[in-house]
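Trainee: So that you have it, the file is entry14.txt, and it contains compact mmCIF, C-alpha atoms and all ligand atoms:
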```
# COMPACT_ATOMS: atom_id res chain seq x y z
CA ASP A 2 -35.27 8.40 -5.30
CA VAL A 3 -32.35 10.29 -3.81
CA ILE A 4 -34.43 13.46 -3.39
CA GLU A 5 -37.26 11.49 -1.82
CA VAL A 6 -34.95 9.90 0.75
CA SER A 7 -33.26 13.25 1.46
CA ALA A 8 -36.65 14.76 2.09
CA LEU A 9 -37.50 11.88 4.40
CA THR A 10 -34.36 12.35 6.47
CA GLY A 11 -34.98 16.10 6.66
CA ASN A 12 -31.32 16.85 5.92
CA GLY A 13 -31.65 18.36 2.47
CA TYR A 14 -29.80 17.01 -0.57
CA PHE A 15 -26.76 14.81 -0.55
CA THR A 16 -24.76 13.18 -3.33
CA TYR A 17 -24.88 9.44 -3.90
CA ASP A 18 -21.45 8.40 -5.17
CA PRO A 19 -20.71 4.70 -4.60
CA GLY A 20 -16.97 4.11 -4.50
CA PHE A 21 -16.39 7.91 -4.19
CA VAL A 22 -15.63 8.05 -7.91
CA SER A 23 -16.21 11.79 -8.14
CA THR A 24 -16.19 13.02 -4.56
CA ALA A 25 -13.24 14.87 -3.01
CA ALA A 26 -13.20 14.26 0.74
CA CYS A 27 -10.48 16.75 1.67
CA GLU A 28 -7.98 19.33 0.49
CA SER A 29 -4.37 18.21 0.37
CA LYS A 30 -1.00 19.67 -0.62
CA ILE A 31 0.91 16.38 -0.58
CA THR A 32 0.36 14.53 -3.85
CA TYR A 33 -1.11 15.36 -7.27
CA ILE A 34 -2.34 12.76 -9.76
CA ASP A 35 -3.57 13.26 -13.32
CA GLY A 36 -4.87 9.80 -14.16
CA ASP A 37 -5.62 10.60 -17.82
CA LYS A 38 -2.11 11.86 -18.52
CA GLY A 39 -0.35 9.38 -16.22
CA VAL A 40 1.18 12.09 -13.98
CA LEU A 41 2.12 11.66 -10.32
CA LEU A 42 3.77 14.49 -8.35
CA HIS A 43 4.85 14.57 -4.70
CA GLY A 44 5.20 18.15 -3.45
CA GLY A 45 5.23 19.11 -7.15
CA TYR A 46 8.13 16.79 -8.07
CA PRO A 47 7.47 14.10 -10.74
CA ILE A 48 7.73 10.56 -9.43
CA GLU A 49 10.14 9.66 -12.27
CA GLN A 50 12.61 12.34 -11.09
CA LEU A 51 12.29 11.31 -7.45
CA ALA A 52 12.86 7.67 -8.38
CA GLU A 53 15.97 8.58 -10.37
CA HIS A 54 17.60 11.21 -8.15
CA SER A 55 16.14 10.88 -4.66
CA ASP A 56 15.81 8.02 -2.19
CA TYR A 57 13.09 6.69 0.05
CA LEU A 58 13.94 8.57 3.24
CA GLU A 59 14.35 11.86 1.38
CA THR A 60 10.92 11.28 -0.20
CA CYS A 61 9.52 10.56 3.28
CA TYR A 62 10.87 13.96 4.36
CA LEU A 63 9.26 15.61 1.32
CA LEU A 64 5.88 14.04 2.12
CA LEU A 65 6.06 14.99 5.79
CA TYR A 66 7.46 18.52 5.51
CA GLY A 67 6.36 19.56 1.99
CA ALA A 68 9.89 20.42 0.74
CA LEU A 69 13.09 18.57 -0.15
CA PRO A 70 15.62 18.74 2.70
CA ASP A 71 19.01 20.44 2.39
CA ALA A 72 22.04 18.28 3.24
CA GLU A 73 21.95 19.10 6.97
CA GLN A 74 18.19 18.54 7.28
CA LYS A 75 18.51 15.24 5.46
CA ASP A 76 21.33 14.04 7.73
CA LYS A 77 19.34 14.98 10.82
CA PHE A 78 16.21 13.24 9.55
CA VAL A 79 18.07 10.06 8.60
CA SER A 80 19.79 9.89 12.01
CA LYS A 81 16.48 10.47 13.79
CA VAL A 82 14.97 7.54 11.88
CA ARG A 83 18.05 5.43 12.75
CA MET A 84 17.64 6.25 16.45
CA HIS A 85 14.14 4.81 16.46
CA THR A 86 14.53 1.51 14.60
CA MET A 87 14.34 -0.67 17.73
CA VAL A 88 11.02 -1.81 19.16
CA ASN A 89 10.30 -2.42 22.84
CA ASP A 90 11.57 -5.84 23.89
CA GLN A 91 8.07 -6.76 25.10
CA MET A 92 7.01 -6.73 21.46
CA SER A 93 8.68 -10.12 21.04
CA THR A 94 6.33 -11.52 23.70
CA PHE A 95 3.43 -9.97 21.82
CA PHE A 96 4.46 -11.87 18.65
CA LYS A 97 4.33 -15.18 20.51
CA GLY A 98 0.53 -14.86 20.76
CA PHE A 99 0.20 -15.40 17.02
CA ARG A 100 0.11 -18.73 15.24
CA ARG A 101 3.25 -19.26 13.18
CA ASP A 102 1.14 -19.83 10.07
CA ALA A 103 -0.76 -16.54 10.48
CA HIS A 104 -0.83 -14.32 7.40
CA PRO A 105 1.87 -11.62 7.89
CA MET A 106 -0.70 -8.87 7.28
CA ALA A 107 -2.81 -10.25 10.17
CA ILE A 108 0.23 -9.91 12.43
CA MET A 109 1.03 -6.43 11.10
CA CYS A 110 -2.51 -5.14 11.81
CA GLY A 111 -1.99 -6.25 15.42
CA VAL A 112 1.60 -5.24 16.14
CA VAL A 113 1.45 -1.79 14.52
CA GLY A 114 -1.75 -0.95 16.42
CA ALA A 115 -0.04 -2.28 19.57
CA LEU A 116 2.67 0.42 19.32
CA SER A 117 0.09 2.74 20.89
CA ALA A 118 0.44 0.69 24.07
CA PHE A 119 4.14 1.61 24.29
CA TYR A 120 4.34 5.31 23.40
CA HIS A 121 1.92 7.26 25.55
CA ASP A 122 3.32 10.62 24.39
CA SER A 123 2.25 9.75 20.83
CA LEU A 124 -1.36 9.64 21.98
CA ASP A 125 -1.24 13.40 22.46
CA ILE A 126 -2.17 14.25 18.88
CA LYS A 127 -2.69 17.97 19.52
CA ASP A 128 1.04 18.58 20.08
CA GLU A 129 3.00 19.07 16.85
CA LYS A 130 6.22 17.64 18.34
CA HIS A 131 4.39 14.51 19.47
CA ARG A 132 2.89 14.09 16.01
CA GLU A 133 6.36 14.44 14.48
CA ILE A 134 7.92 11.84 16.76
CA SER A 135 5.01 9.48 16.01
CA ALA A 136 5.77 9.84 12.29
CA ILE A 137 9.48 9.12 12.85
CA ARG A 138 8.67 6.14 15.08
CA LEU A 139 6.38 4.64 12.47
CA ILE A 140 8.79 5.09 9.56
CA ALA A 141 11.69 3.73 11.65
CA LYS A 142 9.91 0.77 13.25
CA MET A 143 7.91 -0.54 10.28
CA PRO A 144 10.91 -2.39 8.72
CA THR A 145 11.77 -3.89 12.12
CA LEU A 146 8.19 -5.08 12.69
CA ALA A 147 7.84 -6.32 9.10
CA ALA A 148 11.08 -8.34 9.34
CA MET A 149 10.12 -9.66 12.81
CA THR A 150 6.81 -10.79 11.33
CA TYR A 151 8.61 -12.72 8.60
CA LYS A 152 11.17 -14.26 10.95
CA TYR A 153 8.37 -15.28 13.32
CA THR A 154 6.38 -17.02 10.59
CA ILE A 155 9.44 -19.06 9.55
CA GLY A 156 10.51 -19.80 13.12
CA GLN A 157 13.85 -17.96 12.99
CA PRO A 158 15.23 -15.60 15.67
CA PHE A 159 14.52 -11.89 15.32
CA MET A 160 17.36 -9.78 13.95
CA TYR A 161 18.34 -6.50 15.55
CA PRO A 162 18.42 -3.44 13.28
CA GLN A 163 21.92 -2.49 12.10
CA ASN A 164 21.95 1.27 12.13
CA HIS A 165 25.14 1.70 10.11
CA LEU A 166 23.25 0.29 7.13
CA SER A 167 20.93 2.29 4.87
CA TYR A 168 17.17 1.96 5.40
CA SER A 169 16.73 -0.68 2.68
CA GLU A 170 19.98 -2.53 3.45
CA ASN A 171 18.92 -2.74 7.08
CA PHE A 172 15.52 -4.12 6.08
CA LEU A 173 17.08 -6.81 3.86
CA HIS A 174 19.57 -7.58 6.64
CA MET A 175 16.76 -8.08 9.19
CA MET A 176 14.80 -10.20 6.68
CA PHE A 177 17.54 -12.48 5.40
CA GLY A 178 20.52 -11.98 7.68
CA ASN A 179 22.01 -14.51 10.01
CA PRO A 180 22.64 -13.32 13.61
CA CYS A 181 25.91 -15.30 13.74
CA GLU A 182 27.45 -13.70 10.67
CA GLN A 183 28.39 -10.25 9.40
CA ASP A 184 26.07 -10.12 6.42
CA LYS A 185 26.70 -8.28 3.22
CA VAL A 186 23.63 -6.94 1.45
CA ASN A 187 23.70 -6.93 -2.36
CA PRO A 188 23.72 -3.18 -3.28
CA VAL A 189 21.69 -3.75 -6.46
CA LEU A 190 18.93 -5.45 -4.46
CA ALA A 191 19.04 -2.77 -1.75
CA LYS A 192 18.68 -0.08 -4.42
CA ALA A 193 15.73 -1.93 -5.99
CA MET A 194 14.14 -2.32 -2.54
CA ASP A 195 14.54 1.40 -1.91
CA LYS A 196 12.84 2.11 -5.24
CA VAL A 197 9.94 -0.22 -4.38
CA PHE A 198 9.44 1.67 -1.09
CA LEU A 199 9.77 5.07 -2.79
CA LEU A 200 7.27 4.22 -5.55
CA HIS A 201 4.70 3.18 -2.95
CA ALA A 202 5.29 6.14 -0.61
CA ASP A 203 2.04 7.99 -1.30
CA HIS A 204 -0.87 7.99 -3.70
CA GLU A 205 -3.34 10.59 -2.38
CA GLN A 206 -6.79 9.43 -1.26
CA ASN A 207 -6.62 5.70 -2.10
CA ALA A 208 -8.69 3.28 0.02
CA SER A 209 -6.09 2.80 2.77
CA THR A 210 -5.14 6.48 3.05
CA SER A 211 -8.81 7.45 3.15
CA THR A 212 -9.24 4.85 5.89
CA VAL A 213 -6.37 6.42 7.86
CA ARG A 214 -7.95 9.87 7.47
CA LEU A 215 -11.42 8.62 8.42
CA ALA A 216 -10.10 6.83 11.52
CA GLY A 217 -7.96 9.88 12.35
CA SER A 218 -10.94 12.24 12.03
CA THR A 219 -12.33 10.73 15.25
CA GLY A 220 -9.17 11.79 17.12
CA ALA A 221 -7.80 8.22 17.26
CA ASN A 222 -4.03 7.89 17.82
CA PRO A 223 -1.66 7.55 14.82
CA PHE A 224 -0.71 3.91 15.46
CA ALA A 225 -4.39 2.87 15.58
CA CYS A 226 -5.05 4.85 12.38
CA ILE A 227 -2.12 3.27 10.51
CA SER A 228 -3.27 -0.15 11.69
CA ALA A 229 -6.68 0.63 10.13
CA GLY A 230 -4.85 1.62 6.93
CA ILE A 231 -2.95 -1.68 6.94
CA ALA A 232 -6.26 -3.56 7.24
CA ALA A 233 -7.70 -1.65 4.26
CA LEU A 234 -4.54 -2.23 2.23
CA TRP A 235 -4.73 -5.98 2.73
CA GLY A 236 -7.59 -6.53 0.24
CA PRO A 237 -6.79 -7.94 -3.24
CA SER A 238 -8.37 -4.91 -4.96
CA HIS A 239 -5.76 -2.68 -3.27
CA GLY A 240 -2.36 -3.64 -1.81
CA GLY A 241 -3.14 -7.34 -1.77
CA ALA A 242 -2.95 -7.24 -5.58
CA ASN A 243 0.85 -7.73 -5.64
CA GLU A 244 0.43 -11.05 -3.80
CA ALA A 245 -2.55 -11.92 -6.00
CA VAL A 246 -0.42 -11.29 -9.14
CA LEU A 247 2.10 -13.94 -8.14
CA ASP A 248 -0.65 -16.36 -7.07
CA MET A 249 -2.28 -15.84 -10.46
CA LEU A 250 1.01 -16.42 -12.34
CA SER A 251 1.48 -19.68 -10.40
CA GLU A 252 -2.08 -20.70 -11.17
CA ILE A 253 -1.56 -20.03 -14.89
CA GLY A 254 1.56 -22.16 -14.53
CA ASP A 255 2.46 -22.33 -18.21
CA ALA A 256 2.48 -19.84 -21.11
CA SER A 257 0.17 -22.18 -23.06
CA ARG A 258 -2.65 -21.39 -20.58
CA ILE A 259 -2.45 -17.58 -20.81
CA ASP A 260 -5.19 -17.31 -23.48
CA GLU A 261 -7.56 -19.30 -21.27
CA PHE A 262 -7.05 -16.86 -18.37
CA VAL A 263 -7.32 -13.78 -20.60
CA ALA A 264 -10.65 -15.16 -21.91
CA ARG A 265 -11.84 -15.69 -18.33
CA ALA A 266 -10.93 -12.09 -17.43
CA LYS A 267 -13.13 -10.88 -20.31
CA ASP A 268 -16.05 -13.16 -19.45
CA LYS A 269 -18.61 -11.10 -17.48
CA ASP A 270 -20.09 -14.26 -15.93
CA ASP A 271 -16.71 -15.16 -14.45
CA PRO A 272 -15.60 -13.07 -11.41
CA PHE A 273 -11.92 -13.65 -12.34
CA ARG A 274 -9.89 -10.51 -13.08
CA LEU A 275 -6.34 -10.25 -14.32
CA MET A 276 -4.56 -9.20 -11.15
CA GLY A 277 -2.12 -6.33 -11.61
CA PHE A 278 -4.17 -4.73 -14.40
CA GLY A 279 -6.37 -1.67 -14.17
CA HIS A 280 -6.52 1.25 -11.78
CA ARG A 281 -9.33 3.45 -10.49
CA VAL A 282 -7.52 6.67 -11.31
CA TYR A 283 -4.98 5.89 -14.05
CA LYS A 284 -6.60 5.51 -17.44
CA ASN A 285 -3.13 5.64 -18.95
CA PHE A 286 0.13 3.93 -18.02
CA ASP A 287 0.74 4.37 -14.28
CA PRO A 288 4.02 6.38 -14.15
CA ARG A 289 5.15 4.26 -11.19
CA ALA A 290 4.64 1.11 -13.24
CA LYS A 291 7.04 2.42 -15.91
CA VAL A 292 9.80 3.01 -13.33
CA MET A 293 9.03 -0.27 -11.59
CA LYS A 294 9.25 -2.16 -14.90
CA GLN A 295 12.73 -0.72 -15.51
CA ALA A 296 13.80 -1.62 -11.95
CA ALA A 297 12.42 -5.14 -12.48
CA ASP A 298 14.52 -5.55 -15.64
CA GLU A 299 17.67 -4.40 -13.74
CA VAL A 300 17.06 -6.82 -10.86
CA LEU A 301 16.38 -9.76 -13.18
CA ALA A 302 19.56 -9.01 -15.12
CA GLU A 303 21.62 -8.70 -11.90
CA LEU A 304 20.33 -12.04 -10.64
CA GLY A 305 20.42 -13.76 -14.03
CA LEU A 306 16.71 -14.52 -13.79
CA GLU A 307 15.61 -13.29 -17.22
CA ASN A 308 14.50 -16.84 -18.11
CA ASP A 309 12.53 -17.63 -14.96
CA PRO A 310 9.35 -19.45 -16.17
CA LEU A 311 6.96 -17.45 -13.93
CA LEU A 312 8.47 -14.19 -15.05
CA ALA A 313 8.23 -15.33 -18.66
CA ILE A 314 4.47 -15.81 -18.14
CA ALA A 315 4.29 -12.29 -16.68
CA LYS A 316 6.04 -10.77 -19.70
CA ARG A 317 3.82 -12.64 -22.17
CA LEU A 318 0.67 -11.67 -20.25
CA GLU A 319 1.70 -8.02 -20.24
CA GLN A 320 2.26 -8.12 -24.01
CA ILE A 321 -1.08 -9.83 -24.73
CA ALA A 322 -3.04 -7.44 -22.51
CA LEU A 323 -1.42 -4.40 -24.11
CA GLU A 324 -2.51 -5.62 -27.57
CA ASP A 325 -5.98 -6.93 -26.65
CA GLN A 326 -8.97 -4.74 -27.63
CA TYR A 327 -10.84 -5.52 -24.37
CA PHE A 328 -7.99 -4.07 -22.30
CA ILE A 329 -7.36 -1.20 -24.75
CA ASP A 330 -11.05 -0.15 -24.73
CA ARG A 331 -11.19 -0.12 -20.92
CA LYS A 332 -7.76 1.50 -20.56
CA LEU A 333 -6.52 -1.38 -18.43
CA TYR A 334 -2.75 -1.12 -18.18
CA PRO A 335 -0.40 -3.15 -16.00
CA ASN A 336 -0.30 -1.36 -12.64
CA VAL A 337 2.52 -0.86 -10.13
CA ASP A 338 1.64 -4.12 -8.36
CA PHE A 339 2.23 -6.14 -11.49
CA TYR A 340 5.92 -5.22 -11.62
CA SER A 341 6.57 -4.87 -7.88
CA GLY A 342 5.52 -8.51 -7.46
CA ILE A 343 8.15 -9.53 -10.03
CA ILE A 344 10.91 -7.55 -8.25
CA LEU A 345 9.99 -8.86 -4.81
CA LYS A 346 9.90 -12.44 -6.02
CA ALA A 347 13.32 -12.03 -7.63
CA ILE A 348 14.75 -10.56 -4.38
CA GLY A 349 13.50 -13.68 -2.59
CA ILE A 350 10.69 -12.11 -0.58
CA PRO A 351 7.93 -14.66 -0.07
CA THR A 352 4.58 -13.86 -1.69
CA SER A 353 2.74 -13.60 1.63
CA MET A 354 5.05 -10.70 2.59
CA PHE A 355 4.35 -8.63 -0.55
CA THR A 356 1.51 -6.58 0.92
CA VAL A 357 3.59 -6.00 4.06
CA ILE A 358 6.25 -4.41 1.83
CA PHE A 359 3.57 -2.19 0.32
CA ALA A 360 2.41 -1.20 3.84
CA LEU A 361 5.97 -0.37 4.82
CA GLY A 362 6.45 1.81 1.74
CA ARG A 363 3.07 3.54 2.16
CA THR A 364 3.62 4.44 5.82
CA PRO A 365 5.02 7.98 5.19
CA GLY A 366 2.04 8.74 2.94
CA TRP A 367 -0.44 7.57 5.55
CA ILE A 368 1.21 9.48 8.37
CA ALA A 369 1.70 12.63 6.24
CA HIS A 370 -2.02 12.67 5.38
CA TRP A 371 -2.98 12.03 8.98
CA ASN A 372 -0.71 14.87 10.14
CA GLU A 373 -1.95 17.24 7.43
CA MET A 374 -5.53 16.62 8.57
CA ILE A 375 -4.86 16.92 12.30
CA SER A 376 -2.78 20.08 11.93
CA GLY A 377 -5.55 21.85 9.97
CA SER A 378 -9.25 22.22 10.62
CA TYR A 379 -11.27 19.06 10.06
CA ARG A 380 -14.57 17.45 10.96
CA ILE A 381 -15.28 13.87 11.85
CA GLY A 382 -15.73 11.86 8.62
CA ARG A 383 -19.33 10.71 8.54
CA PRO A 384 -20.66 9.67 5.10
CA ARG A 385 -24.40 9.43 4.55
CA GLN A 386 -26.25 6.52 2.93
CA LEU A 387 -29.07 5.99 0.49
CA TYR A 388 -31.54 3.99 2.56
CA THR A 389 -33.21 1.18 0.59
CA GLY A 390 -34.74 -0.83 3.48
CA PRO A 391 -38.38 -1.14 4.49
CA ALA A 392 -40.53 1.91 5.28
CA GLN A 393 -41.56 2.45 8.91
CA ARG A 394 -43.74 -0.42 10.22
CA ASP A 395 -45.10 -1.58 13.57
CA PHE A 396 -43.33 -4.20 15.62
CA VAL A 397 -45.00 -7.65 15.46
CA PRO A 398 -44.82 -9.74 18.67
CA LEU A 399 -43.05 -13.09 18.29
CA ASP A 400 -46.24 -15.22 18.59
CA LYS A 401 -47.92 -13.19 15.78
CA ARG A 402 -45.13 -13.47 13.16
N1 LIG A 501 -9.28 -7.72 -15.46
C1 LIG A 501 -10.35 -7.77 -16.30
N2 LIG A 501 -11.26 -6.77 -16.41
C2 LIG A 501 -11.09 -5.70 -15.63
C3 LIG A 501 -10.01 -5.58 -14.73
C4 LIG A 501 -9.08 -6.64 -14.66
N3 LIG A 501 -8.04 -6.57 -13.83
N4 LIG A 501 -10.10 -4.39 -14.07
C5 LIG A 501 -11.20 -3.78 -14.54
N5 LIG A 501 -11.80 -4.57 -15.50
C6 LIG A 501 -12.99 -4.22 -16.30
C7 LIG A 501 -14.27 -4.33 -15.48
O1 LIG A 501 -14.84 -5.62 -15.58
C8 LIG A 501 -15.11 -3.27 -16.15
O2 LIG A 501 -15.57 -3.80 -17.39
P1 LIG A 501 -17.03 -3.36 -17.99
O3 LIG A 501 -16.92 -1.88 -18.24
O4 LIG A 501 -17.16 -4.18 -19.23
O5 LIG A 501 -18.03 -3.71 -16.93
C9 LIG A 501 -14.12 -2.16 -16.50
O6 LIG A 501 -12.86 -2.85 -16.66
C10 LIG A 501 -13.98 -1.09 -15.43
O7 LIG A 501 -13.69 -1.72 -14.17
P2 LIG A 501 -14.17 -1.19 -12.75
O8 LIG A 501 -14.29 -2.36 -11.84
O9 LIG A 501 -15.35 -0.29 -12.92
O10 LIG A 501 -12.94 -0.30 -12.34
P3 LIG A 501 -12.62 0.23 -10.88
O11 LIG A 501 -12.01 1.55 -11.07
O12 LIG A 501 -13.82 0.13 -10.00
O13 LIG A 501 -11.57 -0.84 -10.35
C11 LIG A 501 -9.52 -1.92 -9.85
C12 LIG A 501 -10.20 -0.63 -10.35
C13 LIG A 501 -10.12 -2.35 -8.52
C14 LIG A 501 -8.04 -1.64 -9.64
C15 LIG A 501 -9.72 -3.03 -10.92
O14 LIG A 501 -9.14 -2.63 -12.16
C16 LIG A 501 -9.17 -4.38 -10.49
O15 LIG A 501 -9.88 -5.13 -9.80
N6 LIG A 501 -7.89 -4.72 -10.90
C17 LIG A 501 -7.26 -5.94 -10.46
C18 LIG A 501 -6.74 -5.79 -9.04
C19 LIG A 501 -5.51 -4.90 -8.97
O16 LIG A 501 -4.58 -5.07 -9.73
N7 LIG A 501 -5.53 -3.97 -8.01
C20 LIG A 501 -4.41 -3.07 -7.75
C21 LIG A 501 -4.83 -1.66 -7.93
S1 LIG A 501 -3.41 -0.61 -7.88
C22 LIG A 501 -3.04 -0.41 -6.24
O17 LIG A 501 -3.78 -0.65 -5.33
C23 LIG A 501 -1.68 0.13 -6.00
```
Translate this structure into structure tokens?
Mentor:
Amino acid sequence: DVIEVSALTGNGYFTYDPGFVSTAACESKITYIDGDKGVLLHGGYPIEQLAEHSDYLETCYLLLYGALPDAEQKDKFVSKVRMHTMVNDQMSTFFKGFRRDAHPMAIMCGVVGALSAFYHDSLDIKDEKHREISAIRLIAKMPTLAAMTYKYTIGQPFMYPQNHLSYSENFLHMMFGNPCEQDKVNPVLAKAMDKVFLLHADHEQNASTSTVRLAGSTGANPFACISAGIAALWGPSHGGANEAVLDMLSEIGDASRIDEFVARAKDKDDPFRLMGFGHRVYKNFDPRAKVMKQAADEVLAELGLENDPLLAIAKRLEQIALEDQYFIDRKLYPNVDFYSGIILKAIGIPTSMFTVIFALGRTPGWIAHWNEMISGSYRIGRPRQLYTGPAQRDFVPLDKR
């Protein structure tokens, strides 16, 4: 059938690969994944080592520039990010157009895309310096916009960024701080937050990054491209899974109902899936999930939440799935979203903000891929299709149909 259609279109052969399971769309030097062995490297460095010895902003630098910074380069990069944490004051007017009960991801799609209305120099994508400043702007402003989104949805005043704080401390300050008080951010929670961001920083050609590249291949500006990435991330099969995990745990409600939900996940007539399990590429334990699980244990211990009923359901579910033949046969392991949801809930971040946190963490990956593409040679992304509609036929006037 494929050959027949190719012949019809006169364009020779093309591959038909739904879901791009075995099609590479680009070359990239940024991130390497071996899904069978459970390996993830950024710039050649294992994610476990980065999570233990590096921090989020240093990993951002690695993704953007392809090498770890020396002390001076790191200082310079961190201060550049600090200099750009504010957003234009007119942004607050922009927020007012949204309903207070809007989903935070709906607001994020809008406000991140709207940055292109404020930084005209960033629209010049041919200039390397302009691309660099766009990357810095995005990394610096995402926490501010994410926290503004949260504050808007709960009707509280926006918090200004505090640039003496670290990236993660500042984010937690803008999320939970009180403008009338000098807030102290719990260092254990700030460290866990930094790890959540770092573990989400990049994951090669996933759906949202591919979306950013595809949008970017038309020459669209970086803010528009990242907004497209945020839209792609929102779905429950991708970044929306961390929110879906917590919704699922609430729906299960009690450990006595776990078996019922596991049975539903195995039932092919039931569309229900166990959220937070399975991955397109990892057919082994996701290395990020291992680190995230350890971070989750540390946060729960710090907050004395080891006996939280929802988290107890999560632990039991994880154990059952790891022992169940259905999950073993299909190599369905708990993924990074399973544990990140647990950490975020423990920190006090509302479920509807979970995917926003993922978007924030993934921003350096998106912008690094966009920049890698634009700075090399590329063609507009234009997949083909396998046409299955009617053959050519003559138009029938309305009175003859
Ligand atoms: N629960 C139950 N069964 C599952 C699950 C699950 N979570 N995931 C996959 N399966 C089953 C499928 O039904 C299929 O079974 P079959 O072979 O008997 O038909 C088999 O495992 C393979 O599944 P596919 O859908 O072919 O796998 P694919 O690679 O297309 O999907 C995905 C991967 C989307 C992540 C899927 O596992 C899923 O929906 N998981 C739940 C959502 C989730 O956690 N997403 C987060 C992904 S990680 C991230 O974005 C950072």
Trainee: Would you give me, as a tab-separated table, each residue of chain A having an atom within 6 Å of an atom of ligand LIG 501 (chain A), along with its shortest atom pair and that distance in Å to one decimal, using all atoms listed in the file and sorting by chain and residue number?
Mentor:
```
residue	atom	partner	partner_atom	distance
A:Ser238	CA	A:LIG501	N7	4.3
A:His239	CA	A:LIG501	O17	3.5
A:Gly240	CA	A:LIG501	O17	4.8
A:Ala242	CA	A:LIG501	N7	4.8
A:Ala266	CA	A:LIG501	C1	4.5
A:Lys267	CA	A:LIG501	C1	5.8
A:Arg274	CA	A:LIG501	N1	3.7
A:Leu275	CA	A:LIG501	N1	4.0
A:Met276	CA	A:LIG501	C17	4.3
A:Gly277	CA	A:LIG501	O16	3.3
A:Phe278	CA	A:LIG501	N3	4.3
A:Gly279	CA	A:LIG501	O14	3.6
A:His280	CA	A:LIG501	C14	3.9
A:Arg281	CA	A:LIG501	O11	3.3
A:Arg331	CA	A:LIG501	O6	5.3
A:Asn336	CA	A:LIG501	S1	5.7
A:Val337	CA	A:LIG501	C23	6.0
A:Asp338	CA	A:LIG501	C23	5.9
```
Trainee: Just the number, please: distance in Å from atom CA of A:Leu301 to atom CA of A:Ile343, one decimal.
Mentor: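 Taking atom CA of A:Leu301 and atom CA of A:Ile343, their separation equals 8.8 Å.
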Trainee: Fewer than 6 positions away in the same chain doesn't count, so skip those; otherwise give me all residues within 8 Å of A:Met106, counting only C-alpha atoms, as a CSV table (one decimal) with C-alpha atoms, in the frame of the given file.
Mentor:
```
chain,number,residue,atom,x,y,z
A,231,ILE,CA,-3.0,-1.7,6.9
A,232,ALA,CA,-6.3,-3.6,7.2
A,235,TRP,CA,-4.7,-6.0,2.7
A,354,MET,CA,5.0,-10.7,2.6
A,356,THR,CA,1.5,-6.6,0.9
A,357,VAL,CA,3.6,-6.0,4.1
```
Trainee: Choose the residue, out of A:Pro351, A:Ala118, A:Ile368, A:Ala208, that has the smallest atom-to-atom separation from A:Phe177; count all atoms listed in the file.
Mentor: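 For A:Phe177, the nearest of the candidates is A:Pro351.
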Trainee: Expressed in Å to a single decimal, how great is the separation between atom CA of A:Gly305 and atom CA of A:Glu53?
Mentor: 23.1 Å
Trainee: With distances taken over all atoms listed in the file, which of A:Leu64, A:Phe286, A:Ile314, A:Ile358 is nearest to A:Tyr334?
Mentor: A:Phe286
Trainee: Could you check which of A:Ala115, A:Ala107, A:Met160, A:Ile375 is closest to A:Met176, using all atoms listed in the file?
Mentor: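 Nearest to A:Met176: A:Met160.
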Trainee: Can you work out the spacing between atom CA of A:Lys127 and atom CA of A:Phe224 in Å, to one decimal?
Mentor: 14.8 Å
Trainee: Excluding A:Gly220 and any residue of its chain fewer than 3 positions from it, enumerate the residues within 10 Å of it, using only C-alpha atoms, and give them as JSON, numbers by chain.
Mentor: {"A": [124, 125, 126, 127, 214, 215, 216, 217, 223, 226, 375, 380, 381]}
Trainee: With only C-alpha atoms as the basis for distance, which of A:Met249, A:Leu42, A:Ile48, A:Val213 is at the shortest distance from A:Met374?
Mentor: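 Comparing A:Met249, A:Leu42, A:Ile48, A:Val213 against A:Met374, the winner is A:Val213.
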Trainee: Ranking A:Asp37, A:Asp90, A:Glu373, A:Asp309 by minimum distance to A:Leu65 and counting all atoms listed in the file, which one comes first?
Mentor: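 The shortest atom-to-atom distance to A:Leu65 comes from A:Glu373.
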Trainee: Can you work out which one of A:Asp102, A:Asp203, A:Asp195, A:Asp76 has the shortest atom-to-atom distance to A:Gly366, counting only C-alpha atoms?
Mentor: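 Of the candidates, the smallest distance to A:Gly366 is held by A:Asp203.
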Trainee: The residues within 12 Å of (8.6, -17.8, -16.0), using all atoms listed in the file and the coordinates of the file, should be reported as a list in words; which are they?
Mentor: Leu247, Leu250, Ser251, Ile253, Gly254, Asp255, Ala256, Ser257, Leu301, Leu306, Glu307, Asn308, Asp309, Pro310, Leu311, Leu312, Ala313, Ile314, Ala315, Lys316, Arg317, Leu318, Ile343, Lys346 and Ala347 of chain A
Trainee: What lies within 9 Å of A:Val82 using all atoms listed in the file, ignoring chain neighbours under 5 positions off, as an MDAnalysis selection string?
Mentor: chainID A and resid 58 77 137:138 140:142 168
Trainee: For a cutoff of 12 Å around the file-coordinate point (10.9, -9.8, -1.9), which residues qualify once you count only C-alpha atoms? I'd like the result as a count of residues only.
Mentor: 40
Trainee: Quick one: everything within 12 Å of A:Gly156, counting only C-alpha atoms, minus sequence neighbours fewer than 3 positions away in the same chain. Send it as JSON, numbers by chain.
Mentor: {"A": [96, 97, 99, 100, 101, 102, 149, 150, 151, 152, 153, 159]}
